>>> print(open('protein.cif').read())   # mmCIF, C-alpha atoms
data_run
#
loop_
_atom_site.label_atom_id
_atom_site.label_comp_id
_atom_site.auth_asym_id
_atom_site.auth_seq_id
_atom_site.Cartn_x
_atom_site.Cartn_y
_atom_site.Cartn_z
CA MET A 1 118.01 109.20 57.43
CA GLY A 2 116.06 112.34 58.36
CA ILE A 3 112.51 113.37 57.62
CA CYS A 4 112.17 115.14 54.28
CA LEU A 5 111.28 118.85 54.28
CA SER A 6 107.65 118.39 53.26
CA THR A 7 107.17 115.73 55.91
CA THR A 8 108.79 117.93 58.56
CA GLU A 9 106.53 120.84 57.64
CA LYS A 10 103.46 118.63 57.93
CA PHE A 11 104.67 117.39 61.31
CA ASN A 12 105.38 120.91 62.62
CA ASN A 13 101.92 122.08 61.54
CA LYS A 14 100.37 119.35 63.69
CA VAL A 15 102.59 119.45 66.76
CA LYS A 16 100.35 121.83 68.71
CA LYS A 17 97.43 119.46 68.20
CA SER A 18 99.36 116.47 69.53
CA PRO A 19 97.57 114.49 72.26
CA SER A 20 99.40 113.25 75.31
CA THR A 21 101.23 110.00 74.95
CA LEU A 22 99.56 106.77 75.97
CA SER A 23 99.92 105.92 79.64
CA ILE A 24 99.28 102.31 80.60
CA GLN A 25 99.20 100.79 84.06
CA SER A 26 101.28 97.67 84.51
CA PRO A 27 100.89 94.22 86.04
CA ILE A 28 103.00 92.44 88.57
CA ASN A 29 106.47 91.53 87.35
CA GLU A 30 108.93 89.79 89.59
CA SER A 31 111.81 87.35 89.31
CA PRO A 32 110.92 83.73 88.47
CA LEU A 33 110.48 81.11 91.17
CA LEU A 34 110.81 77.58 89.81
CA LEU A 35 108.03 75.37 91.14
CA ASP A 36 106.75 71.92 90.31
CA LYS A 37 103.79 69.82 91.32
CA ASN A 38 105.58 68.53 94.42
CA ASP A 39 106.16 71.94 95.97
CA ASP A 40 104.34 72.58 99.22
CA ILE A 41 103.81 76.24 98.32
CA THR A 42 100.50 76.94 96.61
CA HIS A 43 100.42 79.97 94.33
CA HIS A 44 97.31 81.17 92.58
CA TYR A 45 97.10 83.12 89.38
CA CYS A 46 95.18 86.26 90.44
CA PRO A 47 92.78 87.42 87.74
CA THR A 48 92.02 90.88 86.51
CA PHE A 49 90.10 91.45 83.32
CA CYS A 50 91.58 92.35 79.95
CA PRO A 51 89.71 95.01 77.90
CA ILE A 52 89.49 92.58 74.95
CA ARG A 53 88.22 89.45 76.67
CA LYS A 54 87.52 88.31 80.18
CA SER A 55 90.95 86.69 80.28
CA TYR A 56 93.38 86.60 83.16
CA MET A 57 96.12 89.18 83.56
CA ARG A 58 98.40 89.75 86.52
CA PRO A 59 97.79 92.47 89.13
CA ARG A 60 100.07 95.48 89.28
CA GLY A 61 103.56 95.23 90.78
CA GLU A 62 107.22 95.91 90.17
CA ILE A 63 109.78 94.23 87.92
CA CYS A 64 112.68 92.74 89.82
CA LEU A 65 115.91 93.66 88.04
CA SER A 66 118.28 91.66 90.16
CA GLY A 67 120.88 89.30 88.76
CA SER A 68 123.88 89.69 86.50
CA SER A 69 122.24 92.09 84.06
CA THR A 70 122.63 95.83 84.52
CA PHE A 71 120.27 98.55 83.33
CA TYR A 72 120.23 102.26 82.72
CA ASP A 73 117.46 104.83 82.90
CA LEU A 74 116.76 106.92 79.83
CA HIS A 75 113.89 109.41 79.59
CA GLY A 76 112.08 107.63 82.39
CA ARG A 77 112.44 104.14 80.88
CA LYS A 78 114.76 101.29 81.84
CA TYR A 79 116.96 99.58 79.19
CA PHE A 80 119.61 96.87 79.21
CA ASP A 81 123.09 98.34 79.70
CA ASP A 82 124.81 95.79 77.46
CA LEU A 83 125.63 96.60 73.85
CA ASN A 84 126.17 92.92 73.09
CA MET A 85 122.55 92.07 73.83
CA ASN A 86 120.08 91.94 70.98
CA TYR A 87 117.28 93.25 73.19
CA TYR A 88 116.59 96.95 72.58
CA LEU A 89 113.10 97.44 74.06
CA PRO A 90 112.65 98.71 77.65
CA CYS A 91 112.59 96.30 80.57
CA ASP A 92 110.06 97.97 82.85
CA ASP A 93 106.44 97.84 83.99
CA GLN A 94 105.19 99.94 81.09
CA GLU A 95 106.68 97.63 78.46
CA ASN A 96 105.45 94.60 80.36
CA ASP A 97 101.91 95.93 80.25
CA ARG A 98 102.18 96.68 76.53
CA GLN A 99 103.20 93.08 75.91
CA ASN A 100 100.30 91.78 77.99
CA ILE A 101 97.83 93.84 75.99
CA GLU A 102 99.46 92.71 72.73
CA HIS A 103 99.04 89.10 73.80
CA PHE A 104 95.28 89.47 74.19
CA LEU A 105 95.03 91.49 70.98
CA TRP A 106 96.63 88.71 68.95
CA LYS A 107 94.49 86.11 70.71
CA GLU A 108 91.39 88.08 69.77
CA LEU A 109 92.58 88.45 66.17
CA TRP A 110 93.31 84.75 65.65
CA GLY A 111 90.66 83.43 68.04
CA THR A 112 93.26 81.22 69.73
CA ASN A 113 96.63 81.24 71.47
CA PHE A 114 98.04 78.69 69.02
CA MET A 115 97.10 77.18 65.66
CA ALA A 116 99.15 73.99 65.66
CA PRO A 117 96.79 70.97 65.99
CA ILE A 118 98.00 69.98 69.44
CA HIS A 119 94.96 70.69 71.60
CA LEU A 120 94.30 67.01 72.37
CA GLU A 121 97.90 66.41 73.46
CA LEU A 122 97.76 69.45 75.74
CA ALA A 123 94.41 68.41 77.18
CA LYS A 124 95.57 64.83 77.82
CA ASN A 125 98.19 66.21 80.22
CA GLU A 126 101.96 65.98 80.50
CA ALA A 127 102.72 67.77 77.22
CA ARG A 128 105.84 69.96 77.29
CA VAL A 129 105.66 73.47 75.87
CA LEU A 130 108.35 76.14 75.47
CA ASP A 131 107.87 79.82 74.62
CA ILE A 132 111.13 81.36 73.34
CA GLY A 133 111.33 85.11 73.98
CA CYS A 134 108.32 84.95 76.31
CA GLY A 135 108.54 88.62 77.37
CA SER A 136 106.05 89.35 80.14
CA GLY A 137 105.00 85.69 80.18
CA ALA A 138 101.34 86.35 79.31
CA TRP A 139 101.16 83.54 76.73
CA ILE A 140 102.69 80.99 79.12
CA LEU A 141 100.48 82.09 82.02
CA GLU A 142 97.26 81.75 80.08
CA MET A 143 98.26 78.47 78.44
CA ALA A 144 99.30 77.00 81.80
CA SER A 145 96.00 78.11 83.35
CA THR A 146 94.07 76.47 80.50
CA TYR A 147 95.98 73.20 80.27
CA VAL A 148 96.66 72.50 83.92
CA GLY A 149 98.10 69.02 83.37
CA SER A 150 100.79 70.03 80.89
CA ASN A 151 104.08 71.76 81.62
CA PHE A 152 105.02 75.20 80.31
CA ILE A 153 108.38 77.00 80.26
CA GLY A 154 108.90 80.62 79.27
CA LEU A 155 112.41 81.68 78.30
CA ASP A 156 113.59 85.26 77.98
CA ILE A 157 116.73 87.29 78.65
CA ALA A 158 114.68 90.05 80.33
CA PRO A 159 113.68 89.26 83.96
CA CYS A 160 110.13 90.55 83.71
CA GLN A 161 107.97 87.50 84.42
CA PRO A 162 105.98 86.74 87.62
CA HIS A 163 107.76 85.26 90.61
CA GLU A 164 105.20 83.72 92.93
CA ILE A 165 101.78 84.48 91.52
CA LYS A 166 101.61 81.99 88.67
CA PRO A 167 100.28 78.52 87.90
CA TYR A 168 102.29 75.68 89.43
CA ASN A 169 102.86 74.22 85.93
CA ALA A 170 104.49 77.41 84.59
CA THR A 171 108.23 78.05 84.92
CA PHE A 172 110.30 81.01 83.76
CA ILE A 173 114.05 81.05 83.11
CA ASN A 174 116.16 84.05 82.15
CA VAL A 175 118.80 83.07 79.62
CA ASN A 176 119.94 84.36 76.24
CA PHE A 177 118.24 82.33 73.50
CA LEU A 178 121.25 83.00 71.27
CA GLU A 179 123.19 80.56 73.45
CA ARG A 180 122.61 76.81 73.46
CA LEU A 181 119.19 76.26 75.03
CA PRO A 182 119.31 74.36 78.35
CA PHE A 183 117.13 71.46 77.20
CA GLN A 184 117.69 67.94 75.96
CA LYS A 185 117.01 67.02 72.34
CA ASN A 186 113.51 65.87 71.35
CA HIS A 187 112.09 67.38 74.54
CA PHE A 188 109.11 69.60 73.63
CA ASP A 189 105.72 68.88 72.07
CA LEU A 190 105.32 72.56 71.10
CA VAL A 191 107.90 75.31 70.72
CA HIS A 192 106.29 78.73 70.37
CA GLN A 193 108.09 81.89 69.32
CA ARG A 194 106.57 85.35 68.90
CA SER A 195 107.92 88.78 67.96
CA ILE A 196 111.64 88.04 68.15
CA LEU A 197 112.82 88.10 64.52
CA ARG A 198 113.48 91.85 64.73
CA THR A 199 116.20 91.07 67.26
CA LEU A 200 118.04 88.53 65.10
CA THR A 201 120.47 88.59 62.22
CA GLU A 202 119.76 86.23 59.36
CA ASN A 203 122.93 84.35 60.28
CA GLN A 204 121.79 83.91 63.88
CA PHE A 205 118.45 82.52 62.78
CA ILE A 206 119.91 80.14 60.19
CA ASN A 207 122.95 78.91 62.12
CA HIS A 208 121.60 78.96 65.68
CA MET A 209 117.83 79.26 66.02
CA ILE A 210 116.87 76.74 63.34
CA PRO A 211 119.22 74.00 64.64
CA GLU A 212 118.06 74.65 68.21
CA LEU A 213 114.37 74.62 67.29
CA LEU A 214 114.82 71.30 65.50
CA ARG A 215 117.00 69.85 68.26
CA ILE A 216 114.65 70.47 71.19
CA THR A 217 111.36 69.68 69.39
CA LYS A 218 110.13 66.09 69.49
CA SER A 219 109.50 64.13 66.34
CA GLY A 220 105.81 64.81 65.71
CA GLY A 221 106.00 67.95 67.84
CA PHE A 222 105.22 71.43 66.53
CA ILE A 223 107.11 74.67 65.93
CA GLU A 224 104.97 77.83 65.75
CA LEU A 225 106.11 81.37 64.91
CA VAL A 226 104.11 84.62 65.01
CA GLU A 227 105.53 87.91 63.72
CA THR A 228 104.29 91.39 62.84
CA GLU A 229 105.50 93.02 59.63
CA ILE A 230 107.71 96.08 60.08
CA GLU A 231 106.10 97.88 57.17
CA TYR A 232 102.46 98.96 57.26
CA LYS A 233 99.87 98.87 54.50
CA ASN A 234 98.82 102.38 53.39
CA PRO A 235 101.21 104.36 55.62
CA GLY A 236 101.21 108.15 55.55
CA PRO A 237 104.45 110.11 55.02
CA LEU A 238 105.14 110.47 58.74
CA LEU A 239 104.70 106.77 59.44
CA ASP A 240 106.76 105.97 56.35
CA ALA A 241 109.59 108.12 57.75
CA LEU A 242 109.27 106.34 61.09
CA THR A 243 109.48 102.84 59.60
CA SER A 244 112.43 103.95 57.45
CA ALA A 245 114.25 105.06 60.60
CA LEU A 246 113.51 101.71 62.24
CA SER A 247 114.78 99.84 59.17
CA LYS A 248 117.99 101.86 59.29
CA PHE A 249 118.40 101.17 63.01
CA LEU A 250 117.88 97.43 62.50
CA GLN A 251 120.31 97.39 59.58
CA GLU A 252 122.96 99.14 61.66
CA LYS A 253 122.49 96.53 64.39
CA GLY A 254 122.62 93.76 61.77
CA PHE A 255 119.04 92.64 62.49
CA ASN A 256 118.13 91.60 58.95
CA CYS A 257 116.01 88.52 59.66
CA ILE A 258 112.74 88.76 57.69
CA PHE A 259 109.76 86.49 58.35
CA ARG A 260 109.38 85.23 54.77
CA GLN A 261 113.07 84.43 54.51
CA ALA A 262 113.11 82.80 57.94
CA ILE A 263 110.21 80.53 57.03
CA ASN A 264 111.83 79.61 53.72
CA GLN A 265 115.00 78.64 55.59
CA LEU A 266 112.99 76.46 57.98
CA GLU A 267 111.24 74.73 55.08
CA GLU A 268 114.50 74.14 53.24
CA THR A 269 115.82 71.99 56.10
CA GLY A 270 113.53 69.23 54.86
CA LYS A 271 112.82 68.27 58.47
CA LEU A 272 109.29 69.65 58.71
CA LYS A 273 105.89 68.46 57.50
CA GLY A 274 102.32 69.74 57.61
CA ILE A 275 103.51 73.29 56.96
CA HIS A 276 100.88 76.00 57.45
CA LYS A 277 101.33 79.72 56.72
CA GLU A 278 98.75 82.44 57.22
CA SER A 279 98.68 86.25 57.26
CA ARG A 280 96.02 88.62 58.54
CA SER A 281 95.67 92.34 58.06
CA VAL A 282 94.22 94.57 60.79
CA PRO A 283 92.87 98.05 59.91
CA ILE A 284 94.12 100.50 62.54
CA GLY A 285 92.99 103.71 60.86
CA LYS A 286 89.70 105.10 59.58
CA THR A 287 88.06 101.70 59.08
CA ALA A 288 89.32 100.20 62.33
CA ASN A 289 86.93 98.42 64.65
CA LYS A 290 87.39 98.30 68.44
CA LEU A 291 90.17 95.73 68.09
CA GLY A 292 91.99 97.83 65.49
CA LYS A 293 91.82 100.95 67.64
CA ILE A 294 93.42 99.15 70.58
CA VAL A 295 96.06 97.70 68.23
CA ALA A 296 96.83 101.28 67.14
CA ASP A 297 97.23 102.34 70.78
CA ASN A 298 99.55 99.40 71.40
CA GLU A 299 101.61 100.22 68.31
CA ARG A 300 101.89 103.81 69.49
CA GLU A 301 103.23 102.66 72.84
CA LEU A 302 105.76 100.40 71.08
CA TRP A 303 107.06 103.26 68.93
CA HIS A 304 107.29 105.55 71.97
CA SER A 305 109.55 102.99 73.65
CA MET A 306 112.01 103.08 70.74
CA GLY A 307 112.39 106.87 70.88
CA PRO A 308 115.90 106.90 72.38
CA TYR A 309 117.16 105.00 69.33
CA LEU A 310 115.02 106.45 66.54
CA ALA A 311 114.80 110.15 67.47
CA PRO A 312 118.47 110.82 66.56
CA LEU A 313 117.99 109.09 63.20
CA LEU A 314 115.12 111.48 62.48
CA ASN A 315 117.04 114.54 63.72
CA LEU A 316 114.42 115.09 66.43
CA THR A 317 114.54 115.67 70.16
CA THR A 318 112.89 112.98 72.24
CA ASP A 319 109.96 115.28 73.01
CA LEU A 320 109.38 116.05 69.33
CA TYR A 321 109.71 112.36 68.50
CA ASP A 322 106.99 111.51 71.04
CA GLN A 323 104.73 114.17 69.53
CA LEU A 324 105.39 112.75 66.07
CA VAL A 325 104.39 109.26 67.18
CA SER A 326 101.22 110.56 68.85
CA ILE A 327 100.20 112.46 65.71
CA ILE A 328 100.78 109.40 63.52
CA PHE A 329 98.67 107.07 65.64
CA THR A 330 95.83 109.46 66.39
CA THR A 331 95.52 111.37 63.12
CA GLU A 332 97.58 110.19 60.17
CA ILE A 333 96.59 106.52 60.26
CA LYS A 334 92.95 107.61 59.95
CA GLU A 335 93.71 109.79 56.95
CA TYR A 336 95.45 106.95 55.12
CA SER A 337 93.38 103.93 56.30
CA THR A 338 96.54 102.26 57.57
CA CYS A 339 96.67 98.53 58.29
CA ILE A 340 99.09 96.27 60.16
CA LYS A 341 99.95 92.75 58.99
CA ILE A 342 100.58 89.74 61.25
CA ASN A 343 102.06 86.45 60.00
CA ARG A 344 101.73 82.99 61.49
CA PHE A 345 103.54 79.73 60.72
CA TYR A 346 103.47 76.26 62.17
CA ALA A 347 104.79 72.87 61.14
CA SER A 348 105.45 69.45 62.61
CA LYS A 349 108.93 67.98 62.96
CA LYS A 350 109.35 64.79 60.95
#
>>> encode(input="protein.cif", output="C-alpha cells")
Amino acid sequence: MGICLSTTEKFNNKVKKSPSTLSIQSPINESPLLLDKNDDITHHYCPTFCPIRKSYMRPRGEICLSGSSTFYDLHGRKYFDDLNMNYYLPCDDQENDRQNIEHFLWKELWGTNFMAPIHLELAKNEARVLDIGCGSGAWILEMASTYVGSNFIGLDIAPCQPHEIKPYNATFINVNFLERLPFQKNHFDLVHQRSILRTLTENQFINHMIPELLRITKSGGFIELVETEIEYKNPGPLLDALTSALSKFLQEKGFNCIFRQAINQLEETGKLKGIHKESRSVPIGKTANKLGKIVADNERELWHSMGPYLAPLLNLTTDLYDQLVSIIFTTEIKEYSTCIKINRFYASKK
C-alpha cells in the first residue's frame, strides 16, 4: 500500500520544513545476572531522574548482545537476525531508552504501575510477580525497588535488561514467551503484560498465551494487560497512511491479535473473576499538555524504529520515511488534534 497522490504532494511540500529526528540518550543495558537474597554481592539501583516524575531510571551504558541470538545492523539500528522471531523492534540503547520513557509516561497517565488490587499482598512481602515481555525492565526495576520484600521476574527474548545494577529481588531471564514458560503452575500472585499483542497472532494468544497465563497464575492471583491502540483518534492523512502501512505489515506477518478480541477470549475461558476494563485517551496534538507532548515524541521515536519495514510499503526511501514521521509528529498531529488510546485490563483467577 503506497501513499495516495494527494498525500504524497502534501508530504513533499513539507519535507524542507522537517525537523531533525528525535535523539534520545540511553540507560545502562547489560545481560542479566540472577541474584537472590542470599548472594554476597550487593548491587544498588543507581537513580537518575525521569522528566515526568522523580522516579528511578538506570544510568547510561551498553546493551550486551551475547548469547545464541544474532543481530544485524540496519540504518544505524540493531535488529534480531531471525525471521522466525516475532520481535521486530530494534534491540539497542535507543530503543531501550524509548521503552524506559514510555514506562514513566504510562505511570503518569494512570497514576500507578498496576491497577489490580494487590498492593497489600506486595507490601506484606514474598509475593511473586512476573512481567512477560518486560523489554528494558523498567517496570520490574521500579516495582522491585518499591516492594523490596516481594520477588519480581522480567521475561523477554531481547537481552536488554540490567546485569548488575538492579535490586536484589529483581531477576531477568531471556526466553521466548511463545514457548512453554519455565515456571510451575499456580506460581505467581501477579502476571503483568504490556505492549506485546502486536507481536502475536490470534492463534498464538488463544492457544498458547491464555493457557500459560492461567497455568502460572495462582488461584486468587491477578492477570493484568496494558496495550496501546494501533489506530489514532483524529489522524491526519499522513498518519493514516502510516498506520495503514503498519496494519499491512502486521497482517503479512500474521500478527492479527487485537486487544478487544484478546480480552474477550480471556473472559470466555470462564476462569476469571473481578474483571476490570478501562481505556484512556491522550491528546498528543494541538490540545496536548506536557504529558501528551512527550507521548508524541515517544510515538515519533517508535515509528522511526520501524522505518526499515514500513518505508518499502510506502514506496519511500528510509530518509524520506524519517522526514515523513517527523512532519507527522511535529506538525500534522497539531492540525488534526490527534489522540492516542491506551487500554488496560485486569482480572483475578478463580
>>> residues_around(input="protein.cif", residues="Leu200 of chain A", least_positions_apart="2", cutoff="9 Å", atoms="all atoms listed in the file", output="PDB file with C-alpha atoms, in the coordinates of the input")
ATOM      1  CA  ASN A  86     120.080  91.940  70.980  1.00  0.00           C
ATOM      2  CA  LEU A 178     121.250  83.000  71.270  1.00  0.00           C
ATOM      3  CA  ILE A 196     111.640  88.040  68.150  1.00  0.00           C
ATOM      4  CA  LEU A 197     112.820  88.100  64.520  1.00  0.00           C
ATOM      5  CA  ARG A 198     113.480  91.850  64.730  1.00  0.00           C
ATOM      6  CA  GLU A 202     119.760  86.230  59.360  1.00  0.00           C
ATOM      7  CA  ASN A 203     122.930  84.350  60.280  1.00  0.00           C
ATOM      8  CA  GLN A 204     121.790  83.910  63.880  1.00  0.00           C
ATOM      9  CA  PHE A 205     118.450  82.520  62.780  1.00  0.00           C
ATOM     10  CA  GLY A 254     122.620  93.760  61.770  1.00  0.00           C
ATOM     11  CA  PHE A 255     119.040  92.640  62.490  1.00  0.00           C
ATOM     12  CA  ASN A 256     118.130  91.600  58.950  1.00  0.00           C
ATOM     13  CA  CYS A 257     116.010  88.520  59.660  1.00  0.00           C
TER      14      CYS A 257
END
>>> closest_residue(input="protein.cif", among="A:Val191, A:Thr146, A:Glu268, A:Gly285", to="Lys334 of chain A", atoms="only C-alpha atoms")
A:Gly285
>>> atom_distance(input="protein.cif", atom1="atom CA of Gly137 of chain A", atom2="atom CA of Leu246 of chain A")
25.5 Å
>>> resolve_selection(input="protein.cif", expression="the PyMOL selection byres ((chain A and resi 340) around 6)", output="VMD selection string")
chain A and resid 232 281 to 282 339 341
>>> write_last_selection(input="protein.cif", atoms="C-alpha atoms", output="compact mmCIF listing (two decimals), keeping the file's coordinate frame")
# COMPACT_ATOMS: atom_id res chain seq x y z
CA TYR A 232 102.46 98.96 57.26
CA SER A 281 95.67 92.34 58.06
CA VAL A 282 94.22 94.57 60.79
CA CYS A 339 96.67 98.53 58.29
CA LYS A 341 99.95 92.75 58.99
>>> residues_around(input="protein.cif", residues="Phe329 of chain A", least_positions_apart="2", cutoff="9 Å", atoms="all atoms listed in the file", output="PDB file with C-alpha atoms, in the frame of the given file")
ATOM      1  CA  LEU A 239     104.700 106.770  59.440  1.00  0.00           C
ATOM      2  CA  ILE A 284      94.120 100.500  62.540  1.00  0.00           C
ATOM      3  CA  GLY A 285      92.990 103.710  60.860  1.00  0.00           C
ATOM      4  CA  ALA A 296      96.830 101.280  67.140  1.00  0.00           C
ATOM      5  CA  ASP A 297      97.230 102.340  70.780  1.00  0.00           C
ATOM      6  CA  GLU A 299     101.610 100.220  68.310  1.00  0.00           C
ATOM      7  CA  ARG A 300     101.890 103.810  69.490  1.00  0.00           C
ATOM      8  CA  LEU A 324     105.390 112.750  66.070  1.00  0.00           C
ATOM      9  CA  VAL A 325     104.390 109.260  67.180  1.00  0.00           C
ATOM     10  CA  SER A 326     101.220 110.560  68.850  1.00  0.00           C
ATOM     11  CA  ILE A 327     100.200 112.460  65.710  1.00  0.00           C
ATOM     12  CA  THR A 331      95.520 111.370  63.120  1.00  0.00           C
ATOM     13  CA  GLU A 332      97.580 110.190  60.170  1.00  0.00           C
ATOM     14  CA  ILE A 333      96.590 106.520  60.260  1.00  0.00           C
ATOM     15  CA  LYS A 334      92.950 107.610  59.950  1.00  0.00           C
TER      16      LYS A 334
END
>>> atom_distance(input="protein.cif", atom1="atom CA of Ala158 of chain A", atom2="atom CA of Gly76 of chain A")
17.9 Å
>>> atom_distance(input="protein.cif", atom1="atom CA of Ser244 of chain A", atom2="atom CA of Ile258 of chain A")
15.2 Å
>>> resolve_selection(input="protein.cif", expression="the PyMOL selection byres ((chain A and resi 139) around 12)", output="VMD selection string")
chain A and resid 55 to 58 99 to 107 112 to 114 129 to 138 140 to 146 152 to 155 161 170 172 192 to 194
>>> closest_residue(input="protein.cif", among="A:Thr199, A:Asn315, A:Ser348, A:Gln323", to="Gly270 of chain A", atoms="all atoms listed in the file")
A:Ser348
>>> closest_residue(input="protein.cif", among="A:Asn151, A:Ser219, A:Asn289, A:Asn96", to="Lys271 of chain A", atoms="only C-alpha atoms")
A:Ser219
>>> resolve_selection(input="protein.cif", expression="the PyMOL selection byres ((chain A and resi 279) around 12)", output="ChimeraX atom specification")
/A:109-110,225-229,259-260,276-278,280-282,340-345
>>> closest_residue(input="protein.cif", among="A:Thr243, A:Pro308, A:Leu316, A:Lys349", to="His75 of chain A", atoms="all atoms listed in the file")
A:Pro308
>>> residues_around(input="protein.cif", residues="Trp303 of chain A", least_positions_apart="4", cutoff="9 Å", atoms="only C-alpha atoms", output="list in words")
Leu242, Asn298, Glu299, Gly307, Leu310, Asp322 and Val325 of chain A
>>> residues_around(input="protein.cif", residues="Asn186 of chain A", least_positions_apart="2", cutoff="9 Å", atoms="all atoms listed in the file", output="PyMOL selection string")
chain A and resi 183-184+188-189+214-219+221
>>> closest_residue(input="protein.cif", among="A:Leu314, A:Ala127, A:Val148, A:Ile173", to="His187 of chain A", atoms="all atoms listed in the file")
A:Ala127
>>> closest_residue(input="protein.cif", among="A:Tyr346, A:Tyr168, A:Tyr72, A:Tyr309", to="Phe222 of chain A", atoms="all atoms listed in the file")
A:Tyr346
